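The next block is query.txt, given as compact mmCIF, C-alpha atoms and all ligand atoms.
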# COMPACT_ATOMS: atom_id res chain seq x y z
CA MET A 922 109.91 97.92 143.94
CA VAL A 923 112.63 95.95 142.14
CA ALA A 924 115.82 96.31 144.16
CA ILE A 925 118.57 96.04 141.64
CA VAL A 926 122.24 96.79 141.33
CA ASN A 927 123.98 97.80 138.15
CA SER A 928 125.32 94.41 137.15
CA PRO A 929 125.23 93.00 133.60
CA THR A 930 123.49 89.86 134.82
CA LEU A 931 120.80 91.47 136.93
CA SER A 932 120.06 94.10 134.31
CA ARG A 933 118.76 91.21 132.14
CA LEU A 934 115.82 90.92 134.54
CA VAL A 935 112.42 91.22 132.95
CA TRP A 936 110.80 94.56 133.73
CA PRO A 937 106.98 94.58 133.47
CA ALA A 938 104.94 97.26 131.71
CA PRO A 939 101.33 96.60 132.77
CA ALA A 940 98.16 97.75 131.02
CA LYS A 941 95.87 100.40 132.48
CA ILE A 942 92.12 100.74 132.15
CA ASN A 943 90.04 103.88 132.61
CA LEU A 944 87.11 103.01 134.90
CA MET A 945 85.43 106.34 134.12
CA LEU A 946 86.44 109.19 131.86
CA HIS A 947 84.89 112.65 131.62
CA VAL A 948 86.13 115.33 129.24
CA VAL A 949 85.82 118.61 131.11
CA GLY A 950 87.59 121.15 128.93
CA LYS A 951 90.09 121.97 126.24
CA ARG A 952 93.43 123.69 126.81
CA SER A 953 94.87 126.34 124.51
CA ASP A 954 97.44 123.78 123.22
CA GLY A 955 94.59 121.57 122.00
CA TYR A 956 94.88 118.92 124.71
CA HIS A 957 91.68 118.01 126.57
CA GLU A 958 91.28 118.21 130.32
CA LEU A 959 89.92 115.03 131.81
CA GLN A 960 88.61 113.53 134.99
CA THR A 961 89.39 109.85 134.97
CA VAL A 962 90.12 106.87 137.21
CA PHE A 963 93.03 104.57 136.36
CA GLN A 964 93.59 101.01 137.51
CA PHE A 965 96.43 98.70 136.40
CA LEU A 966 96.03 95.12 135.15
CA ASP A 967 98.34 92.20 135.91
CA TYR A 968 98.88 91.75 132.17
CA GLY A 969 101.15 93.70 129.88
CA ASP A 970 104.38 94.07 127.95
CA GLU A 971 107.83 93.06 129.19
CA LEU A 972 111.15 94.81 128.71
CA THR A 973 114.76 93.75 129.15
CA PHE A 974 117.79 96.00 129.15
CA ASP A 975 121.37 95.21 128.12
CA ILE A 976 123.43 97.96 129.68
CA THR A 977 126.42 99.01 127.56
CA GLN A 978 129.24 101.50 128.05
CA ASP A 979 129.21 102.92 124.51
CA GLY A 980 126.71 105.73 125.16
CA GLU A 981 124.32 104.41 122.46
CA VAL A 982 120.54 103.85 122.86
CA ARG A 983 119.38 101.02 120.61
CA ARG A 984 116.51 98.56 120.26
CA ASN A 985 116.34 94.89 119.43
CA TYR A 986 112.74 94.64 118.11
CA ASP A 987 110.54 95.97 115.33
CA PHE A 988 106.80 96.40 115.74
CA GLY A 989 106.33 98.79 112.83
CA PHE A 990 106.83 102.14 114.53
CA SER A 991 109.87 104.16 113.49
CA VAL A 992 112.94 104.75 115.64
CA GLU A 993 111.97 108.45 115.90
CA SER A 994 108.46 107.72 117.21
CA ASP A 995 109.42 104.77 119.44
CA LEU A 996 108.33 105.71 122.95
CA CYS A 997 110.91 103.38 124.54
CA LEU A 998 113.82 104.97 122.69
CA ARG A 999 112.44 108.46 123.26
CA ALA A 1000 112.15 107.74 127.00
CA ALA A 1001 115.73 106.44 127.15
CA LEU A 1002 117.06 109.48 125.25
CA LEU A 1003 115.19 111.88 127.56
CA LEU A 1004 116.74 110.23 130.60
CA LYS A 1005 120.18 110.08 129.03
CA GLN A 1006 120.48 113.85 129.39
CA PHE A 1007 120.87 113.19 133.12
CA ALA A 1008 123.17 110.14 132.85
CA ALA A 1009 126.92 109.74 132.41
CA ASP A 1010 128.12 110.07 128.78
CA ASP A 1011 129.10 106.41 128.44
CA CYS A 1012 125.68 105.07 129.59
CA GLY A 1013 124.21 103.01 126.79
CA VAL A 1014 121.49 100.39 126.43
CA ILE A 1015 120.01 97.85 124.05
CA ILE A 1016 116.29 97.56 124.80
CA ASP A 1017 114.22 94.47 124.06
CA LEU A 1018 110.43 94.50 124.18
CA LEU A 1019 107.92 91.67 124.37
CA LYS A 1020 104.72 93.28 123.08
CA ARG A 1021 101.49 91.80 124.40
CA LEU A 1022 99.30 94.90 124.55
CA PRO A 1023 97.45 95.84 121.36
CA MET A 1024 98.81 99.08 119.87
CA GLY A 1025 96.32 101.93 119.72
CA GLY A 1026 94.25 99.85 122.11
CA GLY A 1027 93.40 102.33 124.88
CA LEU A 1028 95.34 100.21 127.37
CA GLY A 1029 98.29 102.62 127.54
CA GLY A 1030 100.76 100.13 126.08
CA GLY A 1031 103.25 102.59 124.62
CA SER A 1032 102.96 104.86 127.67
CA SER A 1033 103.54 101.97 130.04
CA ASP A 1034 106.60 100.84 128.05
CA ALA A 1035 107.99 104.38 128.24
CA ALA A 1036 107.38 104.58 132.00
CA THR A 1037 109.12 101.25 132.57
CA VAL A 1038 112.12 102.45 130.53
CA LEU A 1039 112.35 105.59 132.70
CA ILE A 1040 112.05 103.63 135.95
CA ALA A 1041 114.47 100.89 134.91
CA LEU A 1042 117.21 103.06 133.39
CA ASN A 1043 116.99 105.51 136.28
CA GLN A 1044 118.24 102.58 138.39
CA LEU A 1045 120.44 100.74 135.92
CA TRP A 1046 122.29 103.91 134.86
CA ASN A 1047 122.39 105.15 138.48
CA VAL A 1048 120.72 108.43 137.52
CA GLY A 1049 118.82 108.89 140.78
CA LEU A 1050 115.97 111.13 139.59
CA THR A 1051 112.95 111.36 141.91
CA ARG A 1052 109.61 109.85 141.01
CA ASP A 1053 108.18 113.36 140.43
CA LYS A 1054 110.99 114.25 138.05
CA LEU A 1055 110.51 110.99 136.14
CA ALA A 1056 106.76 111.72 135.87
CA GLU A 1057 107.56 115.21 134.57
CA LEU A 1058 109.82 113.71 131.89
CA GLY A 1059 107.17 111.09 131.12
CA LEU A 1060 104.50 113.72 130.53
CA GLN A 1061 106.60 115.01 127.62
CA LEU A 1062 106.08 111.61 125.98
CA GLY A 1063 102.35 111.20 126.54
CA ALA A 1064 99.48 112.07 128.84
CA ASP A 1065 99.21 108.49 130.08
CA VAL A 1066 102.85 108.09 131.13
CA PRO A 1067 102.73 109.82 134.58
CA VAL A 1068 100.25 107.39 136.14
CA PHE A 1069 102.54 104.45 135.40
CA ILE A 1070 105.37 106.24 137.22
CA TYR A 1071 103.09 107.35 140.05
CA GLY A 1072 102.40 103.65 140.47
CA ARG A 1073 99.03 103.74 142.26
CA ALA A 1074 95.48 103.36 141.00
CA ALA A 1075 94.42 106.96 140.84
CA TRP A 1076 91.83 109.64 140.37
CA ALA A 1077 93.31 111.92 137.70
CA GLU A 1078 92.70 115.44 136.49
CA GLY A 1079 94.44 117.82 134.10
CA VAL A 1080 95.45 115.72 131.10
CA GLY A 1081 95.97 112.84 133.49
CA GLU A 1082 99.03 114.13 135.34
CA GLN A 1083 97.32 115.45 138.51
CA LEU A 1084 97.01 112.21 140.41
CA SER A 1085 95.67 111.13 143.77
CA ALA A 1086 95.70 107.52 144.91
CA ILE A 1087 92.46 105.66 145.43
CA ASN A 1088 91.74 102.31 146.93
CA LEU A 1089 89.62 100.36 144.45
CA ARG A 1090 88.21 96.88 144.44
CA GLN A 1091 90.50 94.67 142.36
CA PRO A 1092 88.22 92.37 140.40
CA TRP A 1093 89.11 90.12 137.49
CA TYR A 1094 88.36 91.68 134.12
CA LEU A 1095 87.78 90.32 130.66
CA VAL A 1096 89.39 92.60 128.06
CA LEU A 1097 88.52 92.38 124.38
CA ASN A 1098 90.10 94.28 121.51
CA PRO A 1099 88.66 94.38 117.97
CA ASN A 1100 92.14 93.95 116.47
CA ILE A 1101 92.14 97.44 115.01
CA SER A 1102 94.17 100.46 116.07
CA VAL A 1103 92.23 103.55 117.19
CA SER A 1104 94.02 106.90 116.91
CA THR A 1105 93.74 108.86 120.18
CA ALA A 1106 94.32 112.16 118.33
CA GLN A 1107 91.51 111.40 115.87
CA ILE A 1108 88.99 110.66 118.64
CA PHE A 1109 89.86 113.82 120.58
CA SER A 1110 89.48 115.91 117.41
CA ASN A 1111 85.95 114.63 116.66
CA LYS A 1112 83.57 117.56 116.28
CA HIS A 1113 80.89 115.84 118.37
CA LEU A 1114 83.13 115.76 121.45
CA THR A 1115 81.79 118.29 123.93
CA ALA A 1116 83.07 119.10 127.39
CA THR A 1117 80.84 118.49 130.38
CA PRO A 1118 80.91 120.37 133.71
CA HIS A 1119 83.57 119.40 136.25
CA MET A 1120 82.44 116.61 138.50
CA LYS A 1121 83.30 116.89 142.17
CA LYS A 1122 85.60 114.07 143.13
CA ILE A 1123 82.94 111.67 144.34
CA ARG A 1124 82.76 111.48 148.08
CA ALA A 1125 83.69 107.82 148.33
CA LEU A 1126 86.90 108.54 146.44
CA GLU A 1127 88.02 111.12 148.96
CA LYS A 1128 88.24 108.65 151.79
CA ASP A 1129 91.46 106.89 150.99
CA ALA A 1130 90.85 104.05 153.40
CA GLU A 1131 87.52 103.12 151.88
CA ILE A 1132 87.44 100.57 149.08
CA VAL A 1133 85.66 102.07 146.09
CA SER A 1134 83.50 99.65 144.11
CA ILE A 1135 83.68 99.48 140.34
CA ASP A 1136 79.88 99.90 140.25
CA ALA A 1137 80.23 103.27 142.05
CA LEU A 1138 82.54 104.44 139.26
CA PHE A 1139 80.35 103.01 136.50
CA SER A 1140 77.37 104.88 138.00
CA GLN A 1141 79.16 108.12 137.02
CA GLY A 1142 78.30 107.34 133.38
CA VAL A 1143 80.12 105.88 130.40
CA ASN A 1144 83.52 106.96 129.18
CA GLN A 1145 82.66 110.10 127.19
CA LEU A 1146 84.89 109.02 124.30
CA GLU A 1147 82.86 105.81 124.01
CA PRO A 1148 79.91 107.11 121.90
CA ILE A 1149 82.34 108.72 119.48
CA VAL A 1150 84.42 105.59 119.06
CA ARG A 1151 81.28 103.43 118.76
CA ALA A 1152 80.02 105.66 115.94
CA GLU A 1153 83.35 105.66 114.08
CA TYR A 1154 84.36 102.04 114.68
CA PRO A 1155 81.47 99.53 114.29
CA GLU A 1156 83.85 96.81 115.51
CA VAL A 1157 84.06 98.47 118.94
CA ASN A 1158 80.29 98.97 119.02
CA TYR A 1159 79.83 95.28 118.24
CA LEU A 1160 82.15 94.14 121.03
CA LEU A 1161 80.34 96.33 123.58
CA GLU A 1162 76.96 95.00 122.44
CA TRP A 1163 78.20 91.42 122.48
CA LEU A 1164 79.71 91.76 125.96
CA SER A 1165 76.59 93.38 127.40
CA GLN A 1166 74.89 89.94 127.45
CA TYR A 1167 77.24 89.19 130.37
CA GLY A 1168 77.12 92.50 132.29
CA SER A 1169 78.07 96.16 131.91
CA PRO A 1170 81.12 96.52 129.69
CA ARG A 1171 83.01 99.79 129.25
CA MET A 1172 85.58 101.12 126.81
CA SER A 1173 89.08 102.02 128.07
CA GLY A 1174 90.76 105.32 127.16
CA SER A 1175 90.23 106.24 123.53
CA GLY A 1176 89.47 102.62 122.63
CA GLY A 1177 89.24 100.25 120.96
CA SER A 1178 89.68 97.85 123.93
CA VAL A 1179 86.62 97.16 126.04
CA PHE A 1180 86.45 95.47 129.42
CA LEU A 1181 83.99 93.75 131.71
CA PRO A 1182 84.38 93.35 135.50
CA LEU A 1183 83.85 89.71 136.49
CA ASP A 1184 82.74 87.67 139.48
CA SER A 1185 85.63 85.25 138.99
CA GLN A 1186 88.59 84.47 136.74
CA GLN A 1187 86.78 81.35 135.51
CA GLN A 1188 83.79 83.40 134.34
CA GLY A 1189 86.17 85.42 132.16
CA LEU A 1190 87.86 82.33 130.74
CA ASP A 1191 84.45 80.86 129.86
CA ILE A 1192 83.38 84.01 128.02
CA LEU A 1193 86.79 84.31 126.35
CA ALA A 1194 86.46 80.80 124.95
CA ASN A 1195 83.50 82.04 122.85
CA LYS A 1196 84.78 85.52 121.97
CA PRO A 1197 83.79 86.98 118.60
CA ARG A 1198 85.93 85.96 115.68
CA ASN A 1199 88.73 88.43 114.84
CA SER A 1200 88.79 89.88 118.34
CA LEU A 1201 91.75 89.54 120.72
CA GLY A 1202 91.27 89.08 124.42
CA PHE A 1203 92.62 88.18 127.82
CA VAL A 1204 91.53 87.85 131.43
CA ALA A 1205 93.47 89.88 134.01
CA LYS A 1206 93.23 91.03 137.59
CA GLY A 1207 92.79 94.70 138.49
CA MET A 1208 95.78 96.01 140.49
CA ASN A 1209 96.00 99.12 142.66
CA PHE A 1210 99.80 99.02 142.64
CA HIS A 1211 102.22 99.05 139.74
CA PRO A 1212 104.72 96.16 140.07
CA LEU A 1213 107.64 98.65 139.89
CA LEU A 1214 106.18 101.19 142.32
CA ILE A 1215 108.94 103.56 143.44
CA GLU A 1216 108.73 103.97 147.20
CA GLU A 1217 110.22 107.28 148.31
CA GLY A 1218 110.93 109.00 151.56
C1 LIG B 1 92.54 108.79 126.47
C2 LIG B 1 93.62 108.47 127.50
O1 LIG B 1 94.20 107.19 127.21
C3 LIG B 1 93.00 108.40 128.89
O2 LIG B 1 93.83 107.79 129.83
C4 LIG B 1 94.74 109.49 127.45
O3 LIG B 1 94.23 110.77 127.71
C5 LIG B 1 95.53 109.48 126.15
O4 LIG B 1 96.87 109.59 126.50
P1 LIG B 1 98.04 109.28 125.44
O5 LIG B 1 97.69 108.11 124.57
O6 LIG B 1 99.31 109.23 126.22
O7 LIG B 1 97.93 110.55 124.53
P2 LIG B 1 99.07 111.47 123.92
O8 LIG B 1 100.03 110.63 123.16
O9 LIG B 1 99.58 112.39 124.98
O10 LIG B 1 98.19 112.34 122.93
C6 LIG B 1 97.84 111.94 121.61
C7 LIG B 1 96.92 113.02 121.04
O11 LIG B 1 95.61 112.90 121.63
C8 LIG B 1 95.05 114.16 121.93
N1 LIG B 1 94.83 114.26 123.39
C9 LIG B 1 95.41 113.39 124.24
C10 LIG B 1 95.17 113.46 125.60
C11 LIG B 1 94.32 114.48 126.06
N2 LIG B 1 94.07 114.59 127.36
N3 LIG B 1 93.76 115.35 125.20
C12 LIG B 1 93.99 115.25 123.86
O12 LIG B 1 93.45 116.05 123.10
C13 LIG B 1 96.05 115.19 121.41
O13 LIG B 1 95.65 115.52 120.10
C14 LIG B 1 97.36 114.44 121.36
O14 LIG B 1 98.21 114.93 120.37
N1 LIG B 2 106.64 101.16 122.63
C1 LIG B 2 105.51 101.40 121.96
N2 LIG B 2 104.46 100.58 122.10
C2 LIG B 2 103.31 100.83 121.45
N3 LIG B 2 103.11 101.83 120.59
C3 LIG B 2 104.14 102.67 120.40
C4 LIG B 2 105.36 102.49 121.08
N4 LIG B 2 106.17 103.47 120.68
C5 LIG B 2 105.46 104.21 119.82
N5 LIG B 2 104.24 103.73 119.64
C6 LIG B 2 103.20 104.32 118.79
O1 LIG B 2 102.16 104.84 119.63
C7 LIG B 2 100.88 104.49 119.12
C8 LIG B 2 99.89 104.35 120.29
O2 LIG B 2 100.21 103.18 120.97
P1 LIG B 2 99.61 102.76 122.37
O3 LIG B 2 99.66 101.27 122.42
O4 LIG B 2 100.27 103.49 123.47
O5 LIG B 2 98.11 103.25 122.23
P2 LIG B 2 96.98 103.28 123.26
O6 LIG B 2 96.98 102.02 124.07
O7 LIG B 2 95.73 103.65 122.53
O8 LIG B 2 97.38 104.44 124.21
P3 LIG B 2 96.47 105.23 125.20
O9 LIG B 2 95.70 104.27 126.02
O10 LIG B 2 97.59 105.91 125.95
O11 LIG B 2 95.65 106.10 124.33
C9 LIG B 2 101.11 103.21 118.33
O12 LIG B 2 100.19 103.07 117.29
C10 LIG B 2 102.54 103.35 117.83
O13 LIG B 2 102.57 103.95 116.56
The structure in this file should be written as structure tokens.
Amino acid sequence: MVAIVNSPTLSRLVWPAPAKINLMLHVVGKRSDGYHELQTVFQFLDYGDELTFDITQDGEVRRNYDFGFSVESDLCLRAALLLKQFAADDCGVIIDLLKRLPMGGGLGGGSSDAATVLIALNQLWNVGLTRDKLAELGLQLGADVPVFIYGRAAWAEGVGEQLSAINLRQPWYLVLNPNISVSTAQIFSNKHLTATPHMKKIRALEKDAEIVSIDALFSQGVNQLEPIVRAEYPEVNYLLEWLSQYGSPRMSGSGGSVFLPLDSQQQGLDILANKPRNSLGFVAKGMNFHPLLIEEG
């Protein structure tokens, strides 16, 4: 946890917003509001966006960047405005964002940014909401926000908000992105997406002390959104085929990023050096703890 006081200097600290990957993802149902119920496993990566906050006393929420999304749809601004309902009237902020995560990349970039805004401003504005309350606010912004506030690698159900911590191996991963944005809504609305029966939380996952291997999760099958994305986006299909010469790659979330667990960081750097033209990529370590984990109680 970042211990921080509300001082203009310290508030300029850099606040990380790490990526997540989904190590397995089953679609198990559809709710009446159209959202799909999932069973998934989240792990964080030590790679992501970075935010800084200039705290002001003018009550305004502003941004100092432009990545193409409108002010109204900006998840950082929306997160700040949600939290502002609980803050003193004069609490204001200018948010800056260093964007490393590909947008529409299945790595939870926008969700992670929003979670970091909620965590940071909860401290910098002295709001004092609990982690559960922040996660509840976060869920209004997106299904992937709560896990970033929960702060632990997790087995998730519901739309991703029913979370229980799991202890996973933390290998290095190579992540590749085809440099295209995949719409999560479009993938979930594909007519070929069918729900499968609920899977019992696999036995190894129930024993918190045990370290769950990535292979054990992969043996549960591929991400069920993967065949749909592969069919709609040949670029994602190509990256998965290309990476399979080195092991068993998987797609994260609703794509289009794909990832491969590695034996070492160097192995990833060697593969990355020859990555397909037009793709983006990085090597990062799996993390079971979010760098801003809120310890309570
Ligand atoms: C695929 C995952 O990344 C797995 O972690 C998440 O479930 C997606 O979470 P997210 O990007 O935060 O998604 P949201 O912004 O909440 O939803 C975007 C759209 O995707 C569809 N959606 C999303 C999540 C979900 N469980 N079921 C859905 O049907 C809905 O049409 C929704 O309007
Ligand atoms: N701060 C933000 N960062 C990224 N995208 C944002 C942000 N605010 C709003 N958006 C919008 O949200 C869309 C989805 O972005 P995001 O990077 O979260 O996708 P994603 O990684 O596929 O998410 P997920 O893994 O949760 O499905 C973007 O295309 C963009 O229009």
Between A:His957, A:Arg933, A:Lys1005, A:Lys941, which is the closest to Leu972 (chain A) once you count all atoms listed in the file?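 That would be A:Arg933, the residue with the smallest distance to Leu972 (chain A).
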Using all atoms listed in the file, which residue out of A:Ile1215, A:Ala1000, A:Leu946, A:Leu1019 lies closest to ligand LIG 1 (chain B)?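 Ranking A:Ile1215, A:Ala1000, A:Leu946, A:Leu1019 by distance to ligand LIG 1 (chain B), first place goes to A:Leu946.
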Quick one: which chain A residues come within 8 Å of ligand LIG 2 (chain B), and what is the nearest atom pair for each with the distance in Å to one decimal, counting all atoms listed in the file, rows ordered by chain and ascending number, as CSV?
residue,atom,partner,partner_atom,distance
A:Lys941,CA,B:LIG2,O9,7.5
A:Ile942,CA,B:LIG2,O9,7.9
A:Phe988,CA,B:LIG2,N2,8.0
A:Gly989,CA,B:LIG2,O13,7.4
A:Phe990,CA,B:LIG2,O13,5.1
A:Ser991,CA,B:LIG2,C5,7.7
A:Ser994,CA,B:LIG2,C5,5.3
A:Asp995,CA,B:LIG2,N4,3.7
A:Leu996,CA,B:LIG2,N4,3.9
A:Cys997,CA,B:LIG2,N1,5.2
A:Leu1018,CA,B:LIG2,N1,7.8
A:Lys1020,CA,B:LIG2,N2,7.4
A:Leu1022,CA,B:LIG2,O3,6.7
A:Pro1023,CA,B:LIG2,O3,6.0
A:Met1024,CA,B:LIG2,O3,3.5
A:Gly1025,CA,B:LIG2,O7,3.3
A:Gly1026,CA,B:LIG2,O6,4.0
A:Gly1027,CA,B:LIG2,O9,3.2
A:Leu1028,CA,B:LIG2,O6,4.1
A:Gly1029,CA,B:LIG2,O9,3.4
A:Gly1030,CA,B:LIG2,O3,4.0
A:Gly1031,CA,B:LIG2,O4,3.3
A:Ser1032,CA,B:LIG2,O4,5.2
A:Ser1033,CA,B:LIG2,O4,7.5
A:Asp1034,CA,B:LIG2,N1,5.4
A:Ala1035,CA,B:LIG2,N1,6.6
A:Gly1063,CA,B:LIG2,O10,7.1
A:Ala1064,CA,B:LIG2,O10,7.1
A:Asp1065,CA,B:LIG2,O10,5.1
A:Val1066,CA,B:LIG2,O10,7.7
A:Ser1102,CA,B:LIG2,O12,6.7
A:Val1103,CA,B:LIG2,O7,6.4
A:Ser1104,CA,B:LIG2,O7,6.7
A:Thr1105,CA,B:LIG2,O11,5.3
A:Ser1173,CA,B:LIG2,O9,7.3
A:Gly1174,CA,B:LIG2,O9,5.2
A:Ser1175,CA,B:LIG2,O11,5.5
A:Gly1176,CA,B:LIG2,O7,6.3
A:Gly1177,CA,B:LIG2,O7,7.5
Among A:Thr1115, A:Thr973, A:Asn1158, A:Asn1098, Val1204 (chain A) is approached most closely, using all atoms listed in the file, by A:Asn1098
Using all atoms listed in the file, pick whichever of A:Leu1003, A:Leu1084, A:Leu1089, A:Leu1146 has the shortest atom-to-atom distance to ligand LIG 1 (chain B).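 Answer, going by the shortest atom-to-atom distance: A:Leu1146.
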I'd like the neighbourhood of Ile1192 (chain A) as a list of chain:residue names, where a residue qualifies if any of its atoms comes within 10 Å (using all atoms listed in the file), though same-chain residues fewer than 4 positions away should be ignored. A:Leu1095, A:Leu1164, A:Tyr1167, A:Gln1187, A:Gln1188, A:Lys1196, A:Pro1197, A:Val1204
For C-alpha atoms, I'd like the residues from the last selection saved as a PDB file, keeping the file's coordinate frame.
ATOM      1  CA  LEU A1095      87.780  90.320 130.660  1.00  0.00           C
ATOM      2  CA  LEU A1164      79.710  91.760 125.960  1.00  0.00           C
ATOM      3  CA  TYR A1167      77.240  89.190 130.370  1.00  0.00           C
ATOM      4  CA  GLN A1187      86.780  81.350 135.510  1.00  0.00           C
ATOM      5  CA  GLN A1188      83.790  83.400 134.340  1.00  0.00           C
ATOM      6  CA  LYS A1196      84.780  85.520 121.970  1.00  0.00           C
ATOM      7  CA  PRO A1197      83.790  86.980 118.600  1.00  0.00           C
ATOM      8  CA  VAL A1204      91.530  87.850 131.430  1.00  0.00           C
TER       9      VAL A1204
END
Kindly list the centre and edge lengths in Å, rounded to one decimal, for the axis-aligned box that covers all listed atoms of ligand LIG 1 (chain B) plus 8 Å on each of its six sides, as lines of an AutoDock Vina configuration file.
center_x = 96.3
center_y = 111.6
center_z = 125.0
size_x = 23.5
size_y = 24.9
size_z = 25.7
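Among the candidates A:Trp936, A:Gly950, A:Asn1111, A:Leu966, the one nearest to Leu1042 (chain A) when counting all atoms listed in the file is A:Trp936.
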Give as a PyMOL selection string the set of residues within 8 Å of the point (82.8, 106.4, 136.5), where distances use the file's coordinates and only C-alpha atoms. chain A and resi 944-946+961-962+1135+1137-1144
Nearest to Gln964 (chain A) by atom-to-atom distance, counting all atoms listed in the file, from A:Tyr986, A:Trp1046, A:Tyr1071, A:Phe1007: A:Tyr1071
How many Å separate CA of Pro1155 (chain A) from atom C11 of ligand LIG 1 (chain B)?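 Rounded to one decimal, the two atoms are 23.0 Å apart.
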When you look at Gly1049 (chain A) with a cut-off of 10 Å (counting only C-alpha atoms), what residues show up, excluding the ones that are within fewer than 5 positions of it in the same chain? I need them as a list of chain:residue names.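 Near Gly1049 (chain A), the qualifying residues are A:Phe1007, A:Ala1008, A:Ile1040, A:Leu1042, A:Asn1043, A:Gln1044, A:Lys1054, A:Leu1055.
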Separation of CA of Tyr1094 (chain A) from CA of Ser1134 (chain A), in Å and rounded to one decimal: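 Atom-to-atom, CA of Tyr1094 (chain A) and CA of Ser1134 (chain A) are spaced 13.7 Å apart.
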